[in-house]
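I have placed the structure first, in the form of structure tokens, so that the comments after it can refer back to it.
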Amino acid sequence: MKTLVLVLDLAGTFVFALAGATAGARRQLDIFGVLVLAFAAACAGGIARDVLIGATPPAAITDWRFLATSAVAGIIAFRWHAAIERMENPVRMFDAAGLALFAVAGTQKALAYELNPVMAALFGMLTGIGGGVARDLLLAQIPLVLRADLYAVAALAGATVVVLGDQFGAPPLPAALCGAAFCFVLRAMAIKRGWQLPKAFQQPRGGAGERKDVQKDARL
Amino acid sequence: MKTLVLVLDLAGTFVFALAGATAGARRQLDIFGVLVLAFAAACAGGIARDVLIGATPPAAITDWRFLATSAVAGIIAFRWHAAIERMENPVRMFDAAGLALFAVAGTQKALAYELNPVMAALFGMLTGIGGGVARDLLLAQIPLVLRADLYAVAALAGATVVVLGDQFGAPPLPAALCGAAFCFVLRAMAIKRGWQLPKAFQQPRGGAGERKDVQKDARL
Amino acid sequence: MKTLVLVLDLAGTFVFALAGATAGARRQLDIFGVLVLAFAAACAGGIARDVLIGATPPAAITDWRFLATSAVAGIIAFRWHAAIERMENPVRMFDAAGLALFAVAGTQKALAYELNPVMAALFGMLTGIGGGVARDLLLAQIPLVLRADLYAVAALAGATVVVLGDQFGAPPLPAALCGAAFCFVLRAMAIKRGWQLPKAFQQPRGGAGERKDVQKDARL
């Protein structure tokens, strides 16, 4: 199970670092800023998970392979970010794959630390979305994760599959593959079909009251 | 004392989650984003406190009641946020109550971990204002706490009362009630009367020098 | 070695708190917000380092001298920030000195906790730049560190000198002085000469393709 977690983690690290570094390159950060963003996007979720469950120092920091993987992805994105952006759809699919891998790996690790099932699923989600939150905060934006089509929900769904598998005694590898596949398909469908969760801005009452509320919302 | 901390913490969690979720709903986040913001606003202060004093995993994460309380508040705010915002003043009073409860509960916990008195008071303040800081950072804003009328100061004042009570051997419950009342009244008065701390932008010298400084400030 | 780390840390704390408080005062925060920003700018790097290596509670929180130093610097900056800003160049030099002191002190501490050499150098860099990142995040800006002339690179260079000295058995004090001097000179030269790392926005292909990419970048 340890090898499984590591391989999933490194693969997720690569695609997330690629996405983070591309976002940094687009904002014209210098090569060092791009590398920092690659590392933050790839490892912030795992670092937050490890700090919160008390597994310090975090694996992403003690294990040089995470740093090396992010650095390679960062340099690739720095050199070829224009080409990467031109392939908008592949990038989003890679990002969905990274999300699936991280959500599953984070859940496995939380289970290995004997957290209770609900919390293990939430830690899987945190591992999946944490990197994206860190990336957007460093770029002074409202995290996309809080707005995008089924992003965090897909991570949570994949993590839940892993937790259920663990509860019912399924072997870890198939459970992880099922969870990752479920998360990936959910996210990919959401991108393709534009699935969205309901937004808050639906007034409880219709009619004339609405316009006033809109103004109030804009003012506050 | 443990039960006291828990009850104060859960009550504070509810009102802060309400405030955080309302802010998220106003920005048109989807239901999941609203729930995340509810949890972050309610629990970030306590999580930061627990991580810093080494009490990992943090109570807000291992204890399902915090998650459940935030989720309920988040759903309420998602459904009725327009109604909540219409009652602007009640919301600010609730928020002041949450601040008072968290500041007191955070101080109690820091004292239970045998931190020195000055640090216990500061941890109380951190617990009180941390959620608001996390909420505003996730919405890409300068934290209101750093600008608002006596917000952090009220938290610090309430925490100080608890610390003083502990130093002079007062029983914890009355000390906590006094501290919370002091914090709440201070904050409520600041809202009503518009009390503010002095702002930095008062030039040390008057006259012609001022205008130049303004321009310089705007440019930098 | 412990005294050395402490003296470097306190000196760095003072100059970083001064820089953070000045930035807060310029944004018209109130006195409390300015003090919070002074503390965050001065101590966030060290706190992040200590939380990540598991040295909780962090020294910046248990040791009152860090708090007192930040508070004094914050009050000075609140009162005389206009005068401080008029001396733009001295401030940047002070900031470079703080960066050098923190990078070296952070590396020493990481080595004392027996981290491996590469990680110790990165922790030195994190200690140096963490405060600036926290300051800019609290002011809802993209961290300057990710964009400025050789800022993080200078911190990493200074930290590397300390690590190399440790590896080759050099006595800690001269190694620390060399590392700090190297970092300071590198950063000072970068400011004077406008040295920059390459930016990402160099298209892999020239010609007509470029304009389209610019538009795409603006849209994304």
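By order of appearance in the structure tokens: chains A, B, ..., then residues from 1 within every chain, and ligands from 1 in the order shown.
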How close does each residue of chain B get to chain C, giving the shortest atom pair and distance in Å to one decimal for every residue with an atom at most 6 Å away, counting only C-alpha atoms, sorted by chain and residue number, as a Markdown table?
| residue | atom | partner | partner_atom | distance |
| --- | --- | --- | --- | --- |
| B:Leu52 | CA | C:Pro57 | CA | 5.3 |
| B:Ile53 | CA | C:Pro57 | CA | 4.6 |
| B:Gly54 | CA | C:Thr56 | CA | 5.2 |
| B:Ala140 | CA | C:Ala140 | CA | 5.7 |
| B:Gln141 | CA | C:Ala140 | CA | 5.4 |
| B:Ile142 | CA | C:Leu139 | CA | 5.0 |
| B:Leu146 | CA | C:Gly33 | CA | 4.2 |
| B:Arg147 | CA | C:Leu29 | CA | 5.4 |
| B:Leu197 | CA | C:Asp30 | CA | 5.7 |
| B:Pro198 | CA | C:Asp30 | CA | 5.6 |
| B:Lys199 | CA | C:Asp30 | CA | 4.1 |
| B:Ala200 | CA | C:Ala25 | CA | 5.0 |
| B:Phe201 | CA | C:Gln28 | CA | 5.6 |
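Note that atom CA of A:Leu122 and atom CA of B:Ala103 are 26.8 Å apart.
Here atom CA of B:Ala157 and atom CA of B:Ile191 stand 16.0 Å from one another.
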- [ ] May I have all residues of stretch 23-216 of chain A that DSSP, computed from the backbone, assigns to alpha helix (DSSP H), given as an MDAnalysis selection string?
- [x] chainID A and resid 23:26 31:52 59:62 64:86 88:112 117:138 151:167 172:193 209:216
Task: d(atom CA of C:Gly128, atom CA of B:Gly124) in Å - done: 27.6 Å
